[in-house]
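Next up, coords32.txt (compact mmCIF, C-alpha atoms):
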```
# COMPACT_ATOMS: atom_id res chain seq x y z
CA MET A 1 112.42 49.27 145.33
CA ARG A 2 109.60 51.78 144.99
CA THR A 3 108.31 52.10 141.39
CA ILE A 4 105.97 54.64 139.84
CA GLU A 5 103.36 51.87 139.36
CA ASN A 6 102.94 51.83 143.17
CA ILE A 7 101.83 55.46 143.18
CA PRO A 8 98.15 56.09 142.42
CA GLY A 9 97.96 58.04 139.16
CA LYS A 10 95.37 60.52 140.32
CA ASN A 11 95.88 64.23 139.73
CA PRO A 12 97.09 65.75 143.01
CA PHE A 13 96.65 69.41 141.98
CA LYS A 14 93.54 71.44 142.73
CA VAL A 15 91.95 74.57 141.27
CA PRO A 16 89.59 77.14 142.80
CA ASP A 17 85.87 76.29 142.63
CA ASN A 18 84.25 76.98 139.23
CA TYR A 19 87.65 77.82 137.79
CA PHE A 20 87.08 76.19 134.38
CA GLU A 21 83.67 77.84 133.81
CA GLU A 22 85.16 81.22 134.67
CA VAL A 23 88.33 80.89 132.63
CA ASN A 24 86.34 79.66 129.60
CA HIS A 25 84.15 82.77 129.82
CA LYS A 26 87.20 84.97 130.22
CA ILE A 27 88.96 83.48 127.18
CA ILE A 28 85.88 83.67 124.97
CA ALA A 29 85.18 87.25 126.12
CA SER A 30 88.77 88.34 125.42
CA THR A 31 88.65 87.00 121.86
CA ALA A 32 85.05 88.00 121.08
CA GLY A 33 85.82 91.63 120.22
CA SER A 34 88.73 90.85 117.92
CA GLY A 35 88.82 88.75 114.80
CA PRO A 36 91.60 86.23 114.28
CA GLN A 37 94.46 87.43 112.09
CA ILE A 38 93.00 86.01 108.90
CA LYS A 39 92.67 89.44 107.29
CA LYS A 40 96.41 90.04 107.45
CA VAL A 41 97.01 86.88 105.46
CA VAL A 42 94.35 87.85 102.91
CA ILE A 43 95.82 91.35 102.52
CA LEU A 44 99.32 89.91 102.21
CA ARG A 45 98.08 87.46 99.61
CA LYS A 46 96.39 90.27 97.65
CA ILE A 47 99.44 92.50 97.55
CA SER A 48 101.95 89.68 97.09
CA PRO A 49 102.09 90.06 93.24
CA TYR A 50 102.95 93.74 93.70
CA LEU A 51 105.56 92.90 96.34
CA LEU A 52 107.02 90.30 94.01
CA ALA A 53 107.19 92.83 91.15
CA ALA A 54 108.81 95.43 93.43
CA ALA A 55 111.34 92.88 94.68
CA SER A 56 112.18 91.86 91.09
CA VAL A 57 112.74 95.48 90.03
CA THR A 58 114.88 96.15 93.11
CA GLY A 59 116.88 92.98 92.50
CA PHE A 60 117.40 93.93 88.85
CA LEU A 61 118.61 97.43 89.85
CA ILE A 62 121.05 96.03 92.41
CA LEU A 63 122.42 93.50 89.92
CA SER A 64 122.80 96.22 87.27
CA TYR A 65 124.67 98.40 89.74
CA VAL A 66 126.98 95.57 90.82
CA ALA A 67 127.62 94.53 87.21
CA ALA A 68 128.37 98.14 86.19
CA ARG A 69 130.81 98.51 89.09
CA TYR A 70 132.45 95.20 88.27
CA PHE A 71 133.01 95.88 84.58
CA THR A 72 134.10 99.51 85.00
CA ALA A 73 136.46 99.07 88.00
CA ASP A 74 140.10 97.84 88.06
CA LYS A 75 140.26 94.17 88.97
CA PRO A 76 142.59 93.49 91.92
CA ASP A 77 142.00 90.38 94.01
CA SER A 78 138.54 90.77 95.41
CA PRO A 79 138.18 90.64 99.22
CA SER A 80 134.47 89.90 98.86
CA VAL A 81 135.24 86.25 98.12
CA ASP A 82 136.69 85.87 101.63
CA LEU A 83 133.65 87.60 103.06
CA TYR A 84 131.32 85.00 101.53
CA ALA A 85 133.58 82.21 102.76
CA VAL A 86 133.34 83.54 106.31
CA THR A 87 129.57 83.92 106.08
CA PHE A 88 128.87 80.35 105.02
CA THR A 89 131.60 78.48 106.86
CA GLU A 90 130.05 78.14 110.31
CA PRO A 91 126.67 76.50 109.55
CA PHE A 92 128.37 74.28 106.99
CA VAL A 93 130.84 73.07 109.61
CA ASN A 94 127.93 72.31 111.96
CA ASP A 95 126.26 70.23 109.24
CA ILE A 96 129.48 68.34 108.69
CA ASP A 97 129.69 67.70 112.44
CA ILE A 98 126.24 66.10 112.54
CA PHE A 99 126.86 64.03 109.40
CA THR A 100 130.26 62.95 110.70
CA LEU A 101 128.69 62.07 114.00
CA GLU A 102 126.02 59.90 112.35
CA ASP A 103 128.63 58.21 110.13
CA ASN A 104 130.83 57.44 113.13
CA ALA A 105 127.85 56.25 115.16
CA ALA A 106 126.90 53.92 112.30
CA ALA A 107 130.39 52.45 112.27
CA SER A 108 130.65 51.91 116.01
CA GLU A 109 129.37 48.91 117.96
CA LEU A 110 126.41 49.47 120.32
CA PRO A 111 125.50 47.38 123.38
CA ASP A 112 123.03 44.53 122.72
CA GLN A 113 120.14 46.18 124.60
CA LEU A 114 120.27 49.16 122.19
CA SER A 115 120.49 47.05 119.05
CA GLY A 116 116.82 47.62 118.07
CA ILE A 117 117.10 51.40 118.22
CA ASN A 118 118.03 53.49 115.22
CA ARG A 119 121.35 55.31 115.72
CA SER A 120 120.02 58.69 114.56
CA GLU A 121 117.28 58.29 117.19
CA ILE A 122 119.96 57.79 119.84
CA ILE A 123 121.60 61.02 118.66
CA ASP A 124 118.17 62.78 118.77
CA TYR A 125 117.66 61.51 122.29
CA LEU A 126 121.09 62.61 123.52
CA MET A 127 120.55 66.06 122.00
CA LEU A 128 117.14 66.18 123.71
CA GLU A 129 119.00 65.60 126.96
CA ASN A 130 121.00 68.78 126.21
CA ILE A 131 124.23 66.82 125.76
CA GLU A 132 126.78 68.76 123.67
CA ILE A 133 127.42 67.45 120.17
CA ASN A 134 131.14 67.00 120.99
CA ASP A 135 130.25 64.86 124.00
CA ILE A 136 127.91 62.73 121.87
CA TYR A 137 130.78 62.28 119.43
CA GLU A 138 132.97 61.08 122.31
CA ILE A 139 130.25 58.71 123.61
CA LEU A 140 129.54 57.13 120.24
CA MET B 1 93.32 58.68 121.52
CA SER B 2 89.85 59.06 120.08
CA ASN B 3 90.26 62.75 119.34
CA THR B 4 90.50 62.44 115.58
CA SER B 5 86.84 62.15 114.54
CA SER B 6 85.50 64.75 116.96
CA ASP B 7 88.37 67.09 116.06
CA GLU B 8 87.45 66.73 112.39
CA ASN B 9 83.91 67.86 113.23
CA LEU B 10 85.31 70.71 115.27
CA SER B 11 87.59 71.76 112.39
CA GLU B 12 84.54 71.78 110.11
CA LEU B 13 82.66 73.94 112.60
CA LEU B 14 85.61 76.34 112.85
CA ARG B 15 85.40 76.80 109.09
CA SER B 16 81.63 77.27 108.96
CA ASP B 17 81.06 79.21 112.21
CA LEU B 18 84.31 80.46 113.67
CA ASN B 19 82.94 81.90 116.93
CA LYS B 20 80.84 78.87 117.79
CA GLY B 21 83.66 76.53 116.80
CA PHE B 22 86.17 78.41 118.93
CA ARG B 23 83.83 78.37 121.93
CA MET B 24 83.52 74.59 121.61
CA LEU B 25 87.28 74.29 121.20
CA VAL B 26 87.83 76.21 124.47
CA GLU B 27 85.21 74.13 126.30
CA LYS B 28 86.66 70.87 125.03
CA TYR B 29 90.33 71.55 125.64
CA SER B 30 90.70 74.14 128.42
CA SER B 31 90.72 71.60 131.25
CA ARG B 32 93.15 69.16 129.57
CA LEU B 33 95.54 71.90 128.52
CA TYR B 34 95.32 73.51 131.97
CA TRP B 35 96.44 70.28 133.69
CA HIS B 36 99.22 69.78 131.16
CA ILE B 37 100.50 73.32 131.80
CA ARG B 38 99.94 73.12 135.57
CA ARG B 39 102.06 69.98 135.88
CA LEU B 40 104.90 71.87 134.20
CA VAL B 41 104.66 75.29 135.87
CA ILE B 42 103.20 73.97 139.19
CA LEU B 43 101.63 77.22 140.39
CA HIS B 44 97.95 77.86 139.59
CA GLU B 45 98.42 81.57 138.78
CA ASP B 46 101.15 80.76 136.24
CA ALA B 47 99.09 77.95 134.71
CA ASP B 48 96.09 80.30 134.45
CA ASP B 49 98.17 82.93 132.58
CA ALA B 50 99.71 80.34 130.26
CA LEU B 51 96.33 78.75 129.51
CA GLN B 52 94.77 82.07 128.53
CA ASN B 53 97.81 82.92 126.37
CA THR B 54 97.54 79.50 124.71
CA PHE B 55 93.97 80.13 123.57
CA ILE B 56 94.63 83.74 122.60
CA ASN B 57 97.56 82.58 120.43
CA ALA B 58 95.41 79.78 119.02
CA TRP B 59 92.70 82.33 118.17
CA LYS B 60 95.20 84.67 116.51
CA SER B 61 96.64 81.93 114.32
CA ILE B 62 93.52 79.88 113.70
CA GLY B 63 93.33 81.30 110.16
CA GLU B 64 96.65 79.63 109.41
CA PHE B 65 95.46 76.31 110.85
CA ARG B 66 94.26 74.33 107.83
CA ASN B 67 94.30 70.76 109.05
CA LYS B 68 98.08 70.67 108.58
CA SER B 69 98.09 68.87 111.92
CA ALA B 70 95.39 67.60 114.28
CA LEU B 71 93.74 70.25 116.46
CA TYR B 72 94.71 68.21 119.49
CA THR B 73 98.47 68.14 118.80
CA TRP B 74 98.43 71.75 117.51
CA LEU B 75 96.93 73.00 120.80
CA TYR B 76 99.31 70.90 122.91
CA THR B 77 102.25 72.38 120.97
CA ILE B 78 101.07 75.94 121.70
CA ALA B 79 100.39 75.11 125.37
CA THR B 80 103.81 73.44 125.78
CA ASN B 81 105.54 76.46 124.26
CA GLU B 82 103.62 78.80 126.57
CA ALA B 83 104.62 76.74 129.60
CA LEU B 84 108.28 76.64 128.51
CA THR B 85 108.28 80.40 127.89
CA LEU B 86 106.98 80.93 131.40
CA ILE B 87 109.51 78.53 132.93
CA ASN B 88 112.38 80.24 131.08
CA LYS B 89 111.12 83.67 132.18
CA ARG B 90 111.01 82.38 135.75
CA LYS B 91 114.59 81.08 135.45
CA ARG B 92 115.79 84.46 134.13
CA ASN B 93 114.05 86.40 136.89
CA SER B 94 114.97 83.67 139.39
CA ALA B 95 112.06 84.76 141.57
CA ILE B 96 111.09 81.16 142.33
CA SER B 97 113.62 78.36 141.96
CA ILE B 98 112.95 74.67 141.48
CA GLU B 99 113.97 74.10 145.12
CA ASP B 100 111.31 76.62 146.24
CA LEU B 101 108.67 74.73 144.27
CA GLY B 102 109.84 71.48 145.86
CA SER B 103 109.41 72.98 149.31
CA TYR B 104 105.84 73.96 148.36
CA PHE B 105 105.11 70.26 147.97
CA GLU B 106 106.85 69.44 151.24
CA ASN B 107 104.94 72.13 153.10
CA SER B 108 101.59 71.28 151.58
CA HIS B 109 99.34 68.81 153.31
CA GLU B 110 96.63 66.49 152.17
CA GLY B 111 93.46 68.47 151.56
CA SER B 112 95.23 71.83 151.13
CA SER B 113 93.63 74.37 148.83
CA TRP B 114 96.01 73.85 145.90
CA PHE B 115 97.60 70.42 146.28
CA ASP B 116 95.80 67.31 147.44
CA GLY B 117 98.45 64.62 147.08
CA ASP B 118 99.51 62.06 149.66
CA LYS B 119 103.14 61.52 150.70
CA ALA B 120 103.89 59.25 147.72
CA GLN B 121 102.55 61.86 145.31
CA ILE B 122 104.58 64.63 146.94
CA MET B 123 107.68 62.47 146.41
CA LEU B 124 106.67 61.77 142.80
CA GLN B 125 106.15 65.49 142.08
CA ASN B 126 109.50 66.33 143.67
CA ALA B 127 111.20 63.67 141.53
CA ILE B 128 109.52 65.04 138.37
CA LEU B 129 110.71 68.56 139.28
CA LYS B 130 114.30 67.32 139.13
CA LEU B 131 114.02 66.18 135.48
CA PRO B 132 115.30 68.45 132.67
CA ASP B 133 112.41 70.47 131.17
CA LYS B 134 112.04 68.50 127.94
CA GLN B 135 112.22 65.14 129.71
CA LYS B 136 109.63 66.40 132.20
CA ILE B 137 107.28 67.19 129.30
CA VAL B 138 107.81 63.73 127.77
CA PHE B 139 107.18 62.02 131.11
CA ASN B 140 104.04 64.05 131.90
CA LEU B 141 102.52 63.58 128.44
CA LYS B 142 103.01 59.82 128.64
CA TYR B 143 102.32 59.16 132.32
CA PHE B 144 99.49 61.59 133.07
CA ASP B 145 98.00 62.43 129.64
CA GLU B 146 98.59 58.91 128.26
CA MET B 147 99.52 60.46 124.93
CA THR B 148 100.78 58.12 122.21
CA TYR B 149 104.39 58.48 121.08
CA GLU B 150 103.07 59.25 117.59
CA ASP B 151 101.08 62.28 118.84
CA MET B 152 103.91 63.30 121.17
CA SER B 153 106.27 63.25 118.21
CA LYS B 154 104.00 65.77 116.45
CA VAL B 155 103.76 67.98 119.55
CA LEU B 156 107.48 68.03 120.29
CA GLY B 157 108.92 67.58 116.79
CA THR B 158 111.14 64.70 117.96
CA SER B 159 111.38 61.13 116.68
CA GLU B 160 109.30 58.45 118.43
CA GLY B 161 112.42 56.40 119.24
CA ALA B 162 114.03 59.35 121.02
CA LEU B 163 110.81 59.95 122.99
CA LYS B 164 110.59 56.28 124.04
CA ALA B 165 114.19 56.40 125.22
CA SER B 166 113.61 59.71 127.00
CA TYR B 167 110.52 58.36 128.84
CA HIS B 168 112.33 55.17 129.81
CA HIS B 169 115.25 57.22 131.15
CA ALA B 170 112.89 59.57 133.05
CA VAL B 171 111.18 56.61 134.77
CA LYS B 172 114.57 55.23 135.82
CA LYS B 173 115.62 58.62 137.26
CA ILE B 174 112.33 58.99 139.13
CA GLU B 175 112.48 55.48 140.57
CA LYS B 176 116.08 56.06 141.66
CA PHE B 177 114.98 59.26 143.43
CA LEU B 178 112.03 57.47 145.07
CA GLY B 179 114.34 54.69 146.20
CA GLU B 180 116.72 57.17 147.82
CA SER B 181 113.96 59.13 149.58
```
Write out the structure in this file as structure tokens.
Amino acid sequence: MRTIENIPGKNPFKVPDNYFEEVNHKIIASTAGSGPQIKKVVILRKISPYLLAAASVTGFLILSYVAARYFTADKPDSPSVDLYAVTFTEPFVNDIDIFTLEDNAAASELPDQLSGINRSEIIDYLMLENIEINDIYEIL
Amino acid sequence: MSNTSSDENLSELLRSDLNKGFRMLVEKYSSRLYWHIRRLVILHEDADDALQNTFINAWKSIGEFRNKSALYTWLYTIATNEALTLINKRKRNSAISIEDLGSYFENSHEGSSWFDGDKAQIMLQNAILKLPDKQKIVFNLKYFDEMTYEDMSKVLGTSEGALKASYHHAVKKIEKFLGES
């Protein structure tokens, strides 16, 4: 059987003559006129205390408004509870799926040749292979 | 890899003299990153675009690079993302399919202007083309770049065990393809 060791490992691709000298010049020339985006970070860092203060005031105003509405309104069953439940359900279910998967994988027997490999690494690998989480569950 | 000590000097230079440091960074890494990208996107024009974008993105975000990772793995991560972006764009536009790229290898001949591989290397490249994108990256980084699993784990954000298994699986697939050809 032909193996990859039989194939010489040289690089079979080619580039035009002087390509690397030219592309290096091109890259350096295209960045020479512009500074890296360090200034943005510095500016953001400088104004961050003001942003924080503005966010705190806005948060306080929103909380005050919500509290005022809550204490002054009639109190039927609130639909907003359901809304929060819907918002957080989906990612939480996904987390449970992965934890359940790892628990089940830990409980199941693996073939001898895989005994030295961590089970979460096997799950990582199968996910790297674009295998659906449900299929991994079936396999393990 | 013996990149660590020279990368530390380069990181120092980037802090003390940004322009000179960046020039040295480009000179040191452009060829390695080009070949890494080229093996993924195959065509020279695409690899050229992705390489330039890699360094432009590195330049833009170099202020945020504070030795959180090694320069070497940081640049490979950017280059890999650029190559994947280009491959995904190509898939969406479906201008050139994987089969088309395979036929480029078949139609090329030893000593051609863009590909200089013999028959065995044409078969190897065709086999690599058939791997899923992420597995192709793992195989190339290990087989051609001889990158350690530890560095590869930093580049791809995947555990070393998963990478070892992925490489092993890629080799099996390639050898099966070579055996059938």
### Task
Identify all chain B residues at most 7 Å from chain A by counting all atoms listed in the file; ligands do not count. Present them as a list in words.
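Going by the stated atoms only, the list reads Arg23, Val26, Glu27, Ser31, Gln52, Ile56, Trp59, Lys60, Ser61, Ile62, Gly63, Ser113, Trp114, Phe115, Asp116, Gly117, Ala120, Gln121, Ser159, Gly161, Ala162, Ala165, Ser166, Glu175, Leu178 and Gly179 of chain B.
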### Separation of CA of Thr148 (chain B) from CA of Gln125 (chain B), in Å and rounded to one decimal
21.9 Å
Could you write out as AutoDock Vina command-line options the box around region 67-86 of chain B (axis-aligned, all atoms listed in the file, 3 Å on each side), with centre and edge lengths in Å to one decimal?
```
--center_x 101.0 --center_y 74.3 --center_z 120.0 --size_x 20.5 --size_y 19.3 --size_z 28.8
```
#### Entry: d(CA of Trp35 (chain B), CA of Asn140 (chain B)) in Å
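Going from CA of Trp35 (chain B) over to CA of Asn140 (chain B), I get 10.0 Å.
Here the question is which of B:Ile42, B:Asp49, B:Ile174, B:Asp17 gets nearest to Lys130 (chain B) using all atoms listed in the file, and that residue is B:Ile174.
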#### Entry: Using all atoms listed in the file: which of B:Leu71, B:Leu40, B:Val155, B:Leu10 has the shortest distance to Asp133 (chain B)
B:Leu40
